[in-house]
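Visitor: Before anything else, here's the structure in question.
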Amino acid sequence: HPTTAVEWSVDTEGNPRREVPVIPKGEVLDIPHVKAGHAGTFTCTALDAARRAHFASFRLSVIEPPMVEGFSFPSELAEGMRTSVACNIRSGSLPIRIRWLKDGHPLSDLATGIQETHGDFYSHLVLTRIQAGHAGRYTCVAQNDAGQREQSAVLHVLVPPKWVVEPEDRSVVAGGRLSVECQAAGFPPPVVAWKRVGGRGESLVKSTEKAVLVVEGASEDAEYACAVENGVSPPIEKRIRVRVNGLTRVSQGVRWERE
């Protein structure tokens with residue numbers, strides 16, 4: 001039947017019969033930006049030429065994407081310690097699926113020693129004994145039918161220095177050239193320094209993670225120390241002896257040459 005008037009209304013909890021925006025002439029309901037508050041039962045009332053009312057209703061459900069709260073790991077975490085972190089979903093329509101990534105890969109495929117606890121709108125990670133391999137970027141991903149959101153945080157693990165290349169005693173011909181590498185790893189990256197034992201105490205060479213001692217024109221035996229520290233106990237140190245072959249020495253009237 002031809003209609004002479006159309007009216008839309010919606011019943012929502014706590015806000016019955018709220019008027020909603022419609023396009024001109026009213027035949028089509030138009031909600032430019034749907035929000036959670038628009039959910040409810042919409043009723044169209046149309047009057048025909050005889051002023052008889054006709055009704056039609058439908059239910060509008062609005063699904064909101066999840067909103068993930070930011071999170072962070074405690075600082076100053078070292079190997080052997082324990083920690084936990086929570087990913088909370090502040091809002092969003094259930095059901096919400098929550099999963100974790102570590103450095104962009106599914107956590108379940110990579111991590112050992114990490115326990116996950118899930119609820120409808122939260123997820124906890126528990127690290128009962130932190131290892132160096134636990135360091136990395138952790139991402140909490142929450143997803144429902146309306147969309148996906150995520151938050152990330154970086155876990156730094158303090159690791160004392162450990163040898164990568166541990167220097168050893170060396171020998172060199174008199175007047176020759178010798179290089180000795182000293183390399184260590186840890187977090188923060190350690191400072192590696194070479195000093196001559198019995199010298200003035202200043203560093204001969206200092207660098208991050210790796211330092212190479214170079215002896216030019218060797219003329220006498222000497223002892224050197226490679227010291228490594230990064231602020232995490234314990235620091236490490238290794239002393240080596242450089243022996244110079246082919247030196248001619250005089251001792252108690254005896255001339256000798258070492259090969």
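Identifiers for the structure tokens are assigned positionally: chains receive A, B, ... in sequence, residues are indexed from 1 per chain, and ligands are indexed from 1 in the order shown.
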Could you tell me, as a PyMOL selection string, which residues of segment 6-138 of chain A DSSP assigns to strand (DSSP E) when given the backbone?

Guide: chain A and resi 6-12+15-18+40-48+53-60+67-68+83-91+97-102+105-106+114-118+122-127+136-138

Visitor: Among segment 4-226 of chain A, which ones does DSSP assign to alpha helix (DSSP H) (computed from the backbone)? Answer as a JSON list (two decimals) with N, CA and C atoms, in the first residue's frame.

Guide:
```
[["chain", "number", "residue", "atom", "x", "y", "z"],
["A", 107, "LEU", "N", 54.39, -18.00, 19.81],
["A", 107, "LEU", "CA", 55.14, -18.32, 21.02],
["A", 107, "LEU", "C", 55.12, -19.81, 21.30],
["A", 108, "SER", "N", 54.01, -20.47, 21.03],
["A", 108, "SER", "CA", 53.88, -21.90, 21.33],
["A", 108, "SER", "C", 54.87, -22.73, 20.53],
["A", 109, "ASP", "N", 55.34, -22.21, 19.39],
["A", 109, "ASP", "CA", 56.28, -22.96, 18.57],
["A", 109, "ASP", "C", 57.73, -22.74, 18.97],
["A", 110, "LEU", "N", 57.98, -21.74, 19.83],
["A", 110, "LEU", "CA", 59.36, -21.34, 20.08],
["A", 110, "LEU", "C", 59.80, -21.51, 21.53]]
```

Visitor: So, counting only C-alpha atoms, which residue among A:Ala78, A:Ala146, A:Ile98, A:Ala135 is closest to Ser123 of chain A?

Guide: A:Ile98

Visitor: Within 10 Å of Pro189 of chain A, counting only C-alpha atoms, which residues qualify if same-chain residues fewer than 6 places away don't, as a PyMOL selection string?

Guide: chain A and resi 158-161+208-210+229-231

Visitor: Env of segment 81-92 of chain A: 6 Å cut, atoms = only C-alpha atoms, seq-sep filter 6 positions within chain, self excluded. Answer as a ChimeraX atom specification.

Guide: /A:64-69,121-130

Visitor: Which polymer residues have any atom within 9 Å of an atom of segment 219-223 of chain A, counting only C-alpha atoms, with same-chain residues fewer than 2 positions away left out, as an mmCIF file with C-alpha atoms, in the first residue's frame?

Guide:
```cif
data_model
loop_
_atom_site.group_PDB
_atom_site.id
_atom_site.type_symbol
_atom_site.label_atom_id
_atom_site.label_comp_id
_atom_site.auth_asym_id
_atom_site.auth_seq_id
_atom_site.Cartn_x
_atom_site.Cartn_y
_atom_site.Cartn_z
ATOM 1 C CA SER A 171 104.500 -17.185 20.639
ATOM 2 C CA VAL A 173 109.546 -14.657 16.438
ATOM 3 C CA ALA A 174 111.724 -11.774 17.591
ATOM 4 C CA GLY A 175 110.806 -8.605 15.729
ATOM 5 C CA GLY A 176 107.647 -10.170 14.412
ATOM 6 C CA LYS A 195 96.149 -4.369 29.199
ATOM 7 C CA ARG A 196 99.775 -5.259 29.713
ATOM 8 C CA VAL A 197 100.356 -6.883 33.093
ATOM 9 C CA GLY A 198 102.860 -4.821 35.046
ATOM 10 C CA GLU A 216 104.499 -5.090 16.727
ATOM 11 C CA GLY A 217 108.268 -5.728 16.637
ATOM 12 C CA ALA A 225 95.242 -9.511 30.357
ATOM 13 C CA ARG A 239 95.809 -13.565 31.258
ATOM 14 C CA ILE A 240 98.066 -14.843 28.529
ATOM 15 C CA ARG A 241 101.814 -14.957 28.031
ATOM 16 C CA VAL A 242 103.423 -13.954 24.762
ATOM 17 C CA ARG A 243 106.799 -15.690 24.300
ATOM 18 C CA VAL A 244 109.290 -14.231 21.875
ATOM 19 C CA ASN A 245 111.356 -16.863 20.060
ATOM 20 C CA LEU A 247 115.957 -13.878 21.508
#
```
